[in-house]
$ cat target_7.tsv   # TSV, C-alpha atoms and all ligand atoms
chain	number	residue	atom	x	y	z
A	12	MET	CA	-18.52	40.51	-19.00
A	13	LYS	CA	-16.23	37.63	-18.10
A	14	THR	CA	-17.35	34.07	-17.54
A	15	LEU	CA	-16.07	31.45	-15.14
A	16	ARG	CA	-14.75	29.53	-18.14
A	17	GLU	CA	-12.41	32.43	-18.94
A	18	ILE	CA	-11.01	33.06	-15.47
A	19	GLY	CA	-11.12	29.55	-13.98
A	20	GLU	CA	-11.72	28.30	-10.46
A	21	PHE	CA	-8.61	29.89	-8.91
A	22	GLY	CA	-9.10	33.07	-10.95
A	23	LEU	CA	-12.54	33.42	-9.40
A	24	LEU	CA	-11.12	33.40	-5.87
A	25	ALA	CA	-8.59	36.06	-6.84
A	26	HIS	CA	-11.32	38.08	-8.56
A	27	LEU	CA	-13.49	38.03	-5.43
A	28	GLY	CA	-10.52	39.14	-3.33
A	29	VAL	CA	-10.68	36.05	-1.14
A	30	ASP	CA	-7.50	36.22	0.93
A	31	ASN	CA	-6.08	36.20	4.42
A	32	GLY	CA	-5.70	39.99	4.62
A	33	LYS	CA	-8.82	40.83	6.59
A	34	LEU	CA	-8.89	37.89	8.97
A	35	PRO	CA	-8.25	38.25	12.71
A	36	GLN	CA	-4.69	37.71	13.94
A	37	GLY	CA	-3.70	34.03	14.00
A	38	TRP	CA	-6.45	32.85	11.64
A	39	LEU	CA	-5.58	31.05	8.43
A	40	GLY	CA	-7.88	31.51	5.44
A	41	PRO	CA	-7.92	30.10	1.89
A	42	GLY	CA	-4.82	28.58	0.29
A	43	ASP	CA	-4.24	25.47	2.39
A	44	ASP	CA	-6.23	22.26	2.84
A	45	CYS	CA	-8.09	23.70	5.83
A	46	ALA	CA	-8.79	27.07	7.36
A	47	LEU	CA	-7.54	27.42	10.93
A	48	ILE	CA	-9.21	29.32	13.77
A	49	PRO	CA	-7.49	29.46	17.16
A	50	ILE	CA	-9.86	28.95	20.11
A	51	GLY	CA	-8.21	29.04	23.53
A	52	ASP	CA	-5.25	26.64	23.58
A	53	GLU	CA	-6.52	24.69	20.61
A	54	THR	CA	-7.11	25.41	16.95
A	55	LEU	CA	-10.12	24.45	14.90
A	56	ALA	CA	-9.42	23.20	11.35
A	57	ILE	CA	-12.25	23.52	8.82
A	58	THR	CA	-12.59	22.13	5.32
A	59	ALA	CA	-15.52	22.03	2.89
A	60	ASP	CA	-15.94	19.97	-0.27
A	61	ILE	CA	-18.57	19.72	-2.98
A	62	LEU	CA	-19.30	16.57	-4.96
A	63	ILE	CA	-21.64	16.78	-7.95
A	64	GLU	CA	-23.04	13.91	-9.96
A	65	GLY	CA	-21.53	13.91	-13.43
A	66	VAL	CA	-18.68	16.21	-12.38
A	67	HIS	CA	-17.01	14.42	-9.46
A	68	PHE	CA	-18.63	11.01	-9.64
A	69	ARG	CA	-20.72	8.85	-11.95
A	70	LEU	CA	-23.44	6.63	-10.58
A	71	ALA	CA	-22.45	3.96	-13.13
A	72	THR	CA	-19.05	3.43	-11.48
A	73	THR	CA	-19.85	4.30	-7.84
A	74	SER	CA	-22.03	2.49	-5.36
A	75	ALA	CA	-23.97	4.70	-2.97
A	76	ALA	CA	-22.18	3.32	0.10
A	77	ASP	CA	-18.73	3.79	-1.46
A	78	LEU	CA	-19.63	7.33	-2.49
A	79	GLY	CA	-20.67	8.20	1.05
A	80	TYR	CA	-17.54	6.67	2.53
A	81	LYS	CA	-15.25	8.38	0.07
A	82	ALA	CA	-16.94	11.78	0.38
A	83	LEU	CA	-16.14	11.94	4.09
A	84	ALA	CA	-12.73	10.25	3.69
A	85	ALA	CA	-11.66	12.99	1.25
A	86	SER	CA	-12.52	15.67	3.80
A	87	LEU	CA	-10.75	13.80	6.59
A	88	SER	CA	-7.71	13.65	4.33
A	89	ASP	CA	-7.71	17.46	4.20
A	90	LEU	CA	-7.79	17.53	8.00
A	91	ALA	CA	-4.92	15.01	8.06
A	92	SER	CA	-2.77	17.16	5.81
A	93	MET	CA	-2.97	19.97	8.36
A	94	GLY	CA	-2.20	17.57	11.20
A	95	ALA	CA	-5.71	17.95	12.60
A	96	THR	CA	-7.64	15.20	14.38
A	97	PRO	CA	-11.25	14.76	13.16
A	98	LEU	CA	-13.94	16.11	15.43
A	99	ALA	CA	-17.24	16.49	13.59
A	100	SER	CA	-18.75	16.95	10.16
A	101	THR	CA	-21.92	18.20	8.52
A	102	LEU	CA	-23.56	16.76	5.42
A	103	SER	CA	-25.74	18.79	3.09
A	104	ILE	CA	-27.27	16.99	0.17
A	105	ALA	CA	-29.57	17.80	-2.74
A	106	LEU	CA	-31.33	14.89	-4.46
A	107	PRO	CA	-33.62	14.55	-7.47
A	108	PHE	CA	-37.22	13.55	-6.54
A	109	SER	CA	-36.71	10.33	-8.51
A	110	THR	CA	-33.96	9.15	-6.12
A	111	ASP	CA	-34.50	5.67	-4.68
A	112	ILE	CA	-34.68	5.87	-0.88
A	113	GLY	CA	-32.57	2.71	-0.74
A	114	TRP	CA	-29.78	4.61	-2.53
A	115	VAL	CA	-29.91	7.36	0.10
A	116	GLU	CA	-29.86	4.81	2.93
A	117	ASP	CA	-26.79	3.14	1.41
A	118	PHE	CA	-25.08	6.48	0.91
A	119	TYR	CA	-25.72	7.42	4.52
A	120	SER	CA	-24.47	4.03	5.75
A	121	GLY	CA	-21.22	4.63	3.82
A	122	ILE	CA	-20.71	8.02	5.44
A	123	LYS	CA	-21.54	6.58	8.87
A	124	CYS	CA	-19.03	3.78	8.35
A	125	CYS	CA	-16.23	6.27	7.66
A	126	ALA	CA	-17.40	8.58	10.47
A	127	ASP	CA	-17.32	5.71	12.99
A	128	GLU	CA	-13.95	4.44	11.79
A	129	TYR	CA	-12.30	7.84	12.25
A	130	ARG	CA	-14.40	9.01	15.20
A	131	CYS	CA	-15.78	12.01	13.33
A	132	HIS	CA	-19.34	12.68	14.50
A	133	LEU	CA	-21.98	13.74	12.00
A	134	VAL	CA	-23.62	16.73	13.69
A	135	GLY	CA	-25.99	18.23	11.14
A	136	GLY	CA	-26.44	19.58	7.66
A	137	ASP	CA	-29.27	20.23	5.25
A	138	THR	CA	-31.33	18.45	2.60
A	139	SER	CA	-33.00	19.74	-0.52
A	140	SER	CA	-34.36	18.57	-3.85
A	141	GLY	CA	-32.25	19.23	-6.92
A	142	ASP	CA	-31.74	18.30	-10.58
A	143	LYS	CA	-28.70	16.15	-9.80
A	144	ILE	CA	-27.12	14.69	-6.70
A	145	PHE	CA	-25.16	17.45	-4.99
A	146	ILE	CA	-23.20	16.76	-1.83
A	147	ASN	CA	-21.40	19.13	0.51
A	148	ILE	CA	-19.38	17.91	3.45
A	149	THR	CA	-17.83	20.28	5.93
A	150	ALA	CA	-15.42	18.65	8.33
A	151	LEU	CA	-13.99	20.06	11.54
A	152	GLY	CA	-10.86	18.94	13.29
A	153	LYS	CA	-8.64	20.20	16.05
A	154	LEU	CA	-4.95	20.62	16.67
A	155	ASN	CA	-2.39	22.85	18.23
A	156	GLY	CA	-2.20	25.48	15.48
A	157	GLU	CA	1.53	26.04	15.92
A	158	ASN	CA	2.09	22.50	14.69
A	159	ALA	CA	0.13	22.79	11.43
A	160	PRO	CA	2.41	22.08	8.45
A	161	LEU	CA	1.27	24.54	5.79
A	162	ARG	CA	1.89	24.34	2.06
A	163	SER	CA	4.20	27.31	2.44
A	164	GLY	CA	6.68	25.72	4.85
A	165	ALA	CA	9.10	23.90	2.53
A	166	ALA	CA	12.73	25.03	2.23
A	167	ALA	CA	15.34	24.19	-0.41
A	168	GLY	CA	17.38	21.13	0.52
A	169	GLU	CA	14.58	19.35	2.36
A	170	ASP	CA	13.43	15.85	1.44
A	171	LEU	CA	10.09	15.18	-0.25
A	172	TRP	CA	8.17	12.21	1.13
A	173	VAL	CA	5.00	10.43	0.17
A	174	SER	CA	2.85	8.01	2.17
A	175	GLY	CA	1.38	4.76	0.90
A	176	THR	CA	1.24	3.69	-2.71
A	177	PRO	CA	-0.13	6.47	-4.90
A	178	GLY	CA	-1.42	5.50	-8.33
A	179	GLU	CA	-3.43	2.56	-7.04
A	180	SER	CA	-6.62	4.63	-6.90
A	181	ARG	CA	-6.26	5.62	-10.55
A	182	GLY	CA	-5.59	2.00	-11.43
A	183	GLY	CA	-8.82	1.06	-9.68
A	184	LEU	CA	-10.76	3.77	-11.49
A	185	LEU	CA	-9.43	2.62	-14.88
A	186	LEU	CA	-10.46	-0.96	-14.08
A	187	LEU	CA	-13.95	0.20	-13.11
A	188	GLU	CA	-14.39	2.52	-16.08
A	189	GLY	CA	-13.09	-0.08	-18.51
A	190	GLY	CA	-15.42	-2.72	-17.06
A	191	VAL	CA	-12.34	-4.94	-16.64
A	192	GLU	CA	-12.96	-8.20	-14.83
A	193	SER	CA	-11.12	-7.76	-11.53
A	194	LYS	CA	-11.22	-10.97	-9.55
A	195	THR	CA	-7.62	-11.32	-8.34
A	196	PRO	CA	-6.71	-9.98	-4.89
A	197	ALA	CA	-4.40	-7.38	-6.49
A	198	LEU	CA	-7.06	-5.96	-8.79
A	199	LYS	CA	-9.59	-5.97	-5.96
A	200	THR	CA	-7.07	-4.01	-3.89
A	201	LEU	CA	-6.81	-1.35	-6.60
A	202	ILE	CA	-10.57	-0.96	-6.78
A	203	LYS	CA	-10.83	-0.73	-3.00
A	204	ARG	CA	-8.10	1.93	-2.97
A	205	HIS	CA	-10.31	3.94	-5.32
A	206	THR	CA	-13.66	3.35	-3.68
A	207	ARG	CA	-12.58	3.32	-0.02
A	208	PRO	CA	-9.47	5.49	0.33
A	209	THR	CA	-7.62	5.67	3.64
A	210	PRO	CA	-7.23	9.20	4.99
A	211	ARG	CA	-3.87	9.29	6.82
A	212	VAL	CA	-5.27	10.87	9.94
A	213	ASP	CA	-2.87	9.38	12.52
A	214	LEU	CA	0.15	9.94	10.31
A	215	GLY	CA	-0.77	13.58	9.63
A	216	ALA	CA	-1.29	14.31	13.31
A	217	ALA	CA	1.99	12.62	14.28
A	218	LEU	CA	4.02	14.39	11.58
A	219	ALA	CA	2.60	17.71	12.74
A	220	LYS	CA	2.96	17.07	16.44
A	221	GLY	CA	6.55	15.91	16.10
A	222	HIS	CA	7.36	18.93	13.89
A	223	LEU	CA	8.69	16.49	11.32
A	224	ALA	CA	6.78	17.80	8.30
A	225	THR	CA	7.76	21.34	7.32
A	226	SER	CA	5.04	21.48	4.65
A	227	MET	CA	2.26	19.05	3.82
A	228	ILE	CA	-0.62	18.49	1.38
A	229	ASP	CA	-2.87	15.55	0.66
A	230	ILE	CA	-2.80	14.08	-2.83
A	231	SER	CA	-6.11	14.65	-4.52
A	232	ASP	CA	-4.97	15.68	-8.01
A	233	GLY	CA	-1.81	13.57	-8.39
A	234	ILE	CA	1.69	13.92	-6.92
A	235	THR	CA	3.04	16.34	-9.53
A	236	LYS	CA	0.07	18.72	-9.37
A	237	ASP	CA	-0.08	18.70	-5.59
A	238	ALA	CA	3.70	19.07	-5.27
A	239	ALA	CA	3.35	22.20	-7.42
A	240	HIS	CA	1.10	23.73	-4.74
A	241	ILE	CA	3.85	23.23	-2.16
A	242	ALA	CA	6.47	24.60	-4.57
A	243	ARG	CA	4.52	27.75	-5.41
A	244	ARG	CA	3.45	28.54	-1.88
A	245	SER	CA	6.91	27.87	-0.46
A	246	GLY	CA	8.84	29.72	-3.17
A	247	VAL	CA	10.90	26.64	-4.03
A	248	SER	CA	10.95	24.06	-6.81
A	249	VAL	CA	10.38	20.40	-6.21
A	250	GLU	CA	12.43	17.66	-7.85
A	251	ILE	CA	10.97	14.17	-8.00
A	252	SER	CA	13.16	11.26	-8.97
A	253	ILE	CA	11.29	8.74	-11.08
A	254	ASP	CA	13.44	5.88	-9.75
A	255	LEU	CA	12.42	6.54	-6.17
A	256	LEU	CA	8.67	6.27	-6.72
A	257	PRO	CA	7.00	3.41	-4.85
A	258	LEU	CA	5.50	0.81	-7.19
A	259	SER	CA	3.20	-1.67	-5.51
A	260	ALA	CA	2.63	-5.22	-6.71
A	261	PRO	CA	-1.13	-4.56	-7.18
A	262	LEU	CA	-0.33	-1.50	-9.29
A	263	MET	CA	2.04	-3.48	-11.49
A	264	GLU	CA	-0.55	-6.22	-11.99
A	265	GLY	CA	-3.26	-3.63	-12.71
A	266	ALA	CA	-1.07	-1.77	-15.19
A	267	ALA	CA	-0.32	-5.02	-17.02
A	268	LYS	CA	-4.01	-5.90	-17.13
A	269	LEU	CA	-4.89	-2.42	-18.40
A	270	GLY	CA	-2.06	-2.29	-20.92
A	271	VAL	CA	-0.54	0.76	-19.21
A	272	LYS	CA	3.10	0.67	-20.31
A	273	GLU	CA	4.39	3.09	-17.71
A	274	PRO	CA	2.82	2.55	-14.27
A	275	ARG	CA	4.94	5.37	-12.85
A	276	LEU	CA	2.75	7.78	-14.78
A	277	LEU	CA	-0.18	6.54	-12.69
A	278	VAL	CA	1.87	7.14	-9.54
A	279	LEU	CA	2.75	10.71	-10.54
A	280	ALA	CA	-0.47	11.85	-12.12
A	281	GLY	CA	-3.09	9.47	-10.76
A	282	GLY	CA	-5.14	11.50	-8.33
A	283	GLU	CA	-7.63	10.70	-5.57
A	284	ASP	CA	-4.91	8.89	-3.63
A	285	TYR	CA	-5.58	10.77	-0.39
A	286	GLU	CA	-2.03	10.03	0.66
A	287	LEU	CA	0.17	12.68	2.28
A	288	LEU	CA	2.95	14.49	0.46
A	289	PHE	CA	5.31	16.38	2.74
A	290	THR	CA	8.75	17.88	3.10
A	291	ALA	CA	11.07	17.21	6.03
A	292	ASN	CA	14.57	18.17	7.03
A	293	THR	CA	17.19	15.65	5.85
A	294	LYS	CA	18.33	15.14	9.45
A	295	HIS	CA	14.92	13.63	10.26
A	296	ARG	CA	15.08	10.73	7.78
A	297	GLU	CA	15.36	8.04	10.45
A	298	GLU	CA	12.59	9.58	12.55
A	299	VAL	CA	10.25	9.76	9.56
A	300	LEU	CA	10.94	6.12	8.68
A	301	SER	CA	10.40	4.92	12.24
A	302	LEU	CA	7.16	6.86	12.47
A	303	GLY	CA	5.96	5.10	9.31
A	304	LYS	CA	6.90	1.73	10.82
A	305	LEU	CA	5.18	2.57	14.09
A	306	LEU	CA	1.95	3.47	12.30
A	307	GLY	CA	2.21	0.75	9.67
A	308	VAL	CA	2.27	3.22	6.79
A	309	GLU	CA	4.84	2.97	4.02
A	310	LEU	CA	6.76	6.25	3.72
A	311	THR	CA	8.99	6.84	0.70
A	312	ARG	CA	11.47	9.63	0.03
A	313	ILE	CA	10.81	10.52	-3.61
A	314	GLY	CA	12.73	13.74	-4.11
A	315	ARG	CA	13.60	17.08	-2.61
A	316	ALA	CA	12.86	20.76	-2.53
A	317	THR	CA	15.39	22.87	-4.42
A	318	LEU	CA	16.02	26.56	-4.92
A	319	LYS	CA	13.28	28.05	-7.04
A	320	ASP	CA	13.69	27.37	-10.73
A	321	ASP	CA	11.51	29.80	-12.68
A	322	LYS	CA	10.97	27.32	-15.50
A	323	HIS	CA	9.79	24.40	-13.37
A	324	ALA	CA	7.74	24.36	-10.19
A	325	VAL	CA	8.06	20.58	-10.30
A	326	LYS	CA	10.77	18.68	-12.11
A	327	VAL	CA	10.59	14.94	-12.64
A	328	THR	CA	14.02	13.49	-13.30
A	329	ASN	CA	15.30	10.11	-14.45
A	330	GLY	CA	18.19	8.09	-13.02
A	331	VAL	CA	20.86	10.34	-14.49
A	332	GLY	CA	19.17	13.59	-13.51
A	333	ASP	CA	17.64	14.49	-16.89
A	334	ILE	CA	14.27	16.25	-16.72
A	335	ILE	CA	11.35	14.23	-18.04
A	336	ASP	CA	8.53	16.24	-19.56
A	337	LEU	CA	5.44	14.27	-18.62
A	338	ALA	CA	3.09	16.25	-20.83
A	339	LEU	CA	5.25	16.45	-23.94
A	340	ASP	CA	7.01	13.16	-24.29
A	341	GLY	CA	5.10	10.87	-21.97
A	342	PHE	CA	8.26	9.39	-20.44
A	343	GLU	CA	10.06	8.74	-23.76
A	344	HIS	CA	13.36	9.63	-22.10
A	345	PHE	CA	13.68	6.55	-20.01
A	346	LYS	CA	11.71	3.99	-21.93
B	401	MG	MG	-6.52	18.64	-0.13
$ encode --input "target_7.tsv" --output "C-alpha cells" --more "lines below"
Ligand SMILES: [Mg+2]
Amino acid sequence: MKTLREIGEFGLLAHLGVDNGKLPQGWLGPGDDCALIPIGDETLAITADILIEGVHFRLATTSAADLGYKALAASLSDLASMGATPLASTLSIALPFSTDIGWVEDFYSGIKCCADEYRCHLVGGDTSSGDKIFINITALGKLNGENAPLRSGAAAGEDLWVSGTPGESRGGLLLLEGGVESKTPALKTLIKRHTRPTPRVDLGAALAKGHLATSMIDISDGITKDAAHIARRSGVSVEISIDLLPLSAPLMEGAAKLGVKEPRLLVLAGGEDYELLFTANTKHREEVLSLGKLLGVELTRIGRATLKDDKHAVKVTNGVGDIIDLALDGFEHFK
C-alpha cells in the first residue's frame, strides 16, 4: 500500500489517471491554471482552490478580511493566466464551532471586496463545521477559447516576460512572520502586496486577446518553479537572466530591514506574487511594452525560452551567462 507522502500531489493525479484523454473534443482538463469548456461562441474557464488553516495560512499572520480577499484574488489570478474575464465564484467553507462570528463576517467582507473590485459575483457554495478552517473557492470566467495562452505554447527563441514586481509578497510575509515593525510606506507596501495581491485580470485578457502571449502562467510558487511548468509542458528550457529581474524600491528596503543579502532570491523564489509570467515572440516587444503602459502594469523581459536542455528546465544565469545554482550555492557566483 502506497501513501500520499510517497507519491506526492502530482503523483496522485497520475495514479488516478486524471488526464485530458476522455474529455469531449475542444475541452481542456487538468494541467493548466484553469479547465476550459467551450459553450457556443464562448469558453468557460474554471478553477478551484483549497485553503486550509495551518497548511496555507496561519491565523496569527492573517486577518480574516485579508484572507477572504486573497483567497478570491488567487483564483482570479488563475483565470487571468488563461486570459479569462471573471464571471462568478462559489465559496465553500468549513469552520470549527468555536469560530467567532465576527471573524466570519470579516472574512466574508474581504471576499466581497475582491468580488466587487473585479466584478466576479459570488453565486453560491456550502458551509459545514470542521476541525479547522477549510476554504474552497471555485471561480468561473469566460473567454474566446482560441485565445487562451496555455502552459504548453512556448517555443525556443521567444522572450520571457513577467508583470509587476515579484518578490514583494515574500518580503511582506517575512516582515509579518518576523514581527518586524513596518511603519514606512515601503514596508507597508510589501505587506499589502502579501495580504492583498492584485490579480492581473485586465492584462491577462489583453495578452490573450491580442495573441501576444504564446504561453502563460500566474506566479504562485515563485518565478523559477512556475517557469519550470511552462518549460516542461512546452518541451523547451527557460533561461532567466539575473540582471534583468525587476527590483523595486520597497523590496530593496524590505530586504535591508530583514537582513536578506540577495533580494533577487526573493524575486525568483518568493511565491504568492500572483503576477503573470508569459512568453512572447521577440517581434512583439514593443507591443508588449505599450500594453503594459496602457494598463499601468510594469512588464519586464527577464529571459527567454531555449531549445530543451535535458539537465535544466530552468536556468538562471548571471551577467556573463554562467549558470547559477540557486539551491546549491545560493547565488555565490555573482556575490
Ligand atoms: Mg496558477
$ residues_near_ligand --input "target_7.tsv" --ligand "ligand MG 401 (chain B)" --cutoff "6 Å" --atoms "only C-alpha atoms and all ligand atoms" --output "list in words"
Asp44, Asp89, Asp229 and Ser231 of chain A
$ residues_around --input "target_7.tsv" --residues "Ile48 (chain A)" --least-positions-apart "4" --cutoff "10 Å" --atoms "all atoms listed in the file" --output "PyMOL selection string"
chain A and resi 34-40+53-57+153+156
$ atom_distance --input "target_7.tsv" --atom1 "CA of Thr206 (chain A)" --atom2 "CA of Leu78 (chain A)"
7.3 Å
$ closest_residue --input "target_7.tsv" --among "A:Leu102, A:Ile251, A:Leu62, A:Ala238" --to "Ser163 (chain A)" --atoms "only C-alpha atoms"
A:Ala238
$ residues_near_point --input "target_7.tsv" --point "(-0.3, 8.7, -5.3)" --cutoff "6 Å" --atoms "all atoms listed in the file" --output "PyMOL selection string"
chain A and resi 176-178+233-234+278+284
$ residues_near_point --input "target_7.tsv" --point "(-6.2, 27.5, -8.2)" --cutoff "12 Å" --atoms "all atoms listed in the file" --output "PyMOL selection string"
chain A and resi 18-26+29+41-43+232+236-237+239-240+243-244
$ residues_around --input "target_7.tsv" --residues "Ile334 (chain A)" --least-positions-apart "3" --cutoff "10 Å" --atoms "only C-alpha atoms" --output "JSON, numbers by chain"
{"A": [250, 251, 252, 253, 323, 325, 326, 327, 328, 329, 330, 331, 337, 342, 344]}
$ write_last_selection --input "target_7.tsv" --atoms "C-alpha atoms" --output "mmCIF file, in the frame of the given file"
data_model
loop_
_atom_site.group_PDB
_atom_site.id
_atom_site.type_symbol
_atom_site.label_atom_id
_atom_site.label_comp_id
_atom_site.auth_asym_id
_atom_site.auth_seq_id
_atom_site.Cartn_x
_atom_site.Cartn_y
_atom_site.Cartn_z
ATOM 1 C CA GLU A 250 12.430 17.660 -7.850
ATOM 2 C CA ILE A 251 10.970 14.170 -8.000
ATOM 3 C CA SER A 252 13.160 11.260 -8.970
ATOM 4 C CA ILE A 253 11.290 8.740 -11.080
ATOM 5 C CA HIS A 323 9.790 24.400 -13.370
ATOM 6 C CA VAL A 325 8.060 20.580 -10.300
ATOM 7 C CA LYS A 326 10.770 18.680 -12.110
ATOM 8 C CA VAL A 327 10.590 14.940 -12.640
ATOM 9 C CA THR A 328 14.020 13.490 -13.300
ATOM 10 C CA ASN A 329 15.300 10.110 -14.450
ATOM 11 C CA GLY A 330 18.190 8.090 -13.020
ATOM 12 C CA VAL A 331 20.860 10.340 -14.490
ATOM 13 C CA LEU A 337 5.440 14.270 -18.620
ATOM 14 C CA PHE A 342 8.260 9.390 -20.440
ATOM 15 C CA HIS A 344 13.360 9.630 -22.100
#
$ atom_distance --input "target_7.tsv" --atom1 "CA of Thr195 (chain A)" --atom2 "CA of Arg181 (chain A)"
17.1 Å
$ closest_residue --input "target_7.tsv" --among "A:Ile104, A:Cys45, A:Ala71, A:Leu318" --to "Leu187 (chain A)" --atoms "all atoms listed in the file"
A:Ala71
$ residues_around --input "target_7.tsv" --residues "Ile148 (chain A)" --least-positions-apart "5" --cutoff "9 Å" --atoms "all atoms listed in the file" --output "list in words"
Thr58, Ala59, Asp60, Ile61, Leu62, Ala82, Leu83, Ser86, Ser100, Thr101, Leu102, Ser103, Ile104 and Gly136 of chain A
$ residues_around --input "target_7.tsv" --residues "region 257-268 of chain A" --least-positions-apart "2" --cutoff "12 Å" --atoms "all atoms listed in the file" --output "PyMOL selection string"
chain A and resi 172-187+189-204+234+251-255+270-279+281+309-314
$ atom_distance --input "target_7.tsv" --atom1 "CA of Glu116 (chain A)" --atom2 "CA of Thr96 (chain A)"
27.1 Å
$ residues_around --input "target_7.tsv" --residues "Val249 (chain A)" --least-positions-apart "6" --cutoff "6 Å" --atoms "all atoms listed in the file" --output "short mmCIF file (atom, residue, chain, number, x, y, z; two decimals) with C-alpha atoms, in the frame of the given file"
data_model
loop_
_atom_site.label_atom_id
_atom_site.label_comp_id
_atom_site.auth_asym_id
_atom_site.auth_seq_id
_atom_site.Cartn_x
_atom_site.Cartn_y
_atom_site.Cartn_z
CA ALA A 242 6.47 24.60 -4.57
CA ARG A 315 13.60 17.08 -2.61
CA ALA A 316 12.86 20.76 -2.53
CA THR A 317 15.39 22.87 -4.42
CA VAL A 325 8.06 20.58 -10.30
#
$ closest_residue --input "target_7.tsv" --among "A:Thr290, A:Ala324, A:His205, A:Ala105" --to "Thr72 (chain A)" --atoms "only C-alpha atoms"
A:His205
$ decode --input "target_7.tsv" --residues "region 297-303 of chain A" --atoms "all heavy atoms" --output "short mmCIF file (atom, residue, chain, number, x, y, z; two decimals), in the first residue's frame"
data_model
loop_
_atom_site.label_atom_id
_atom_site.label_comp_id
_atom_site.auth_asym_id
_atom_site.auth_seq_id
_atom_site.Cartn_x
_atom_site.Cartn_y
_atom_site.Cartn_z
N GLU A 297 7.72 45.64 -28.59
CA GLU A 297 7.16 46.99 -28.47
C GLU A 297 5.68 46.92 -28.07
O GLU A 297 5.21 47.70 -27.25
CB GLU A 297 7.32 47.77 -29.78
CG GLU A 297 8.75 48.23 -30.05
CD GLU A 297 9.33 49.01 -28.88
OE1 GLU A 297 8.61 49.87 -28.32
OE2 GLU A 297 10.49 48.76 -28.49
N GLU A 298 4.97 45.98 -28.69
CA GLU A 298 3.53 45.84 -28.39
C GLU A 298 3.31 45.45 -26.93
O GLU A 298 2.40 45.95 -26.27
CB GLU A 298 2.91 44.76 -29.29
CG GLU A 298 2.45 45.27 -30.63
CD GLU A 298 2.05 44.13 -31.53
OE1 GLU A 298 2.95 43.54 -32.15
OE2 GLU A 298 0.84 43.82 -31.58
N VAL A 299 4.14 44.54 -26.44
CA VAL A 299 4.02 44.12 -25.04
C VAL A 299 4.27 45.31 -24.12
O VAL A 299 3.50 45.58 -23.19
CB VAL A 299 4.99 42.95 -24.72
CG1 VAL A 299 5.01 42.67 -23.22
CG2 VAL A 299 4.59 41.69 -25.49
N LEU A 300 5.32 46.06 -24.40
CA LEU A 300 5.65 47.22 -23.57
C LEU A 300 4.54 48.27 -23.60
O LEU A 300 4.19 48.84 -22.57
CB LEU A 300 6.98 47.83 -24.00
CG LEU A 300 8.23 47.01 -23.63
CD1 LEU A 300 9.48 47.61 -24.26
CD2 LEU A 300 8.39 46.90 -22.11
N SER A 301 3.99 48.51 -24.81
CA SER A 301 2.92 49.53 -24.84
C SER A 301 1.66 49.04 -24.15
O SER A 301 0.94 49.85 -23.55
CB SER A 301 2.56 50.01 -26.26
OG SER A 301 3.21 49.33 -27.24
N LEU A 302 1.40 47.75 -24.20
CA LEU A 302 0.24 47.23 -23.47
C LEU A 302 0.42 47.46 -21.97
O LEU A 302 -0.51 47.88 -21.27
CB LEU A 302 0.05 45.73 -23.77
CG LEU A 302 -1.15 45.08 -23.09
CD1 LEU A 302 -2.44 45.67 -23.61
CD2 LEU A 302 -1.14 43.57 -23.31
N GLY A 303 1.62 47.19 -21.48
CA GLY A 303 1.91 47.42 -20.06
C GLY A 303 1.68 48.88 -19.69
O GLY A 303 1.09 49.18 -18.66
#
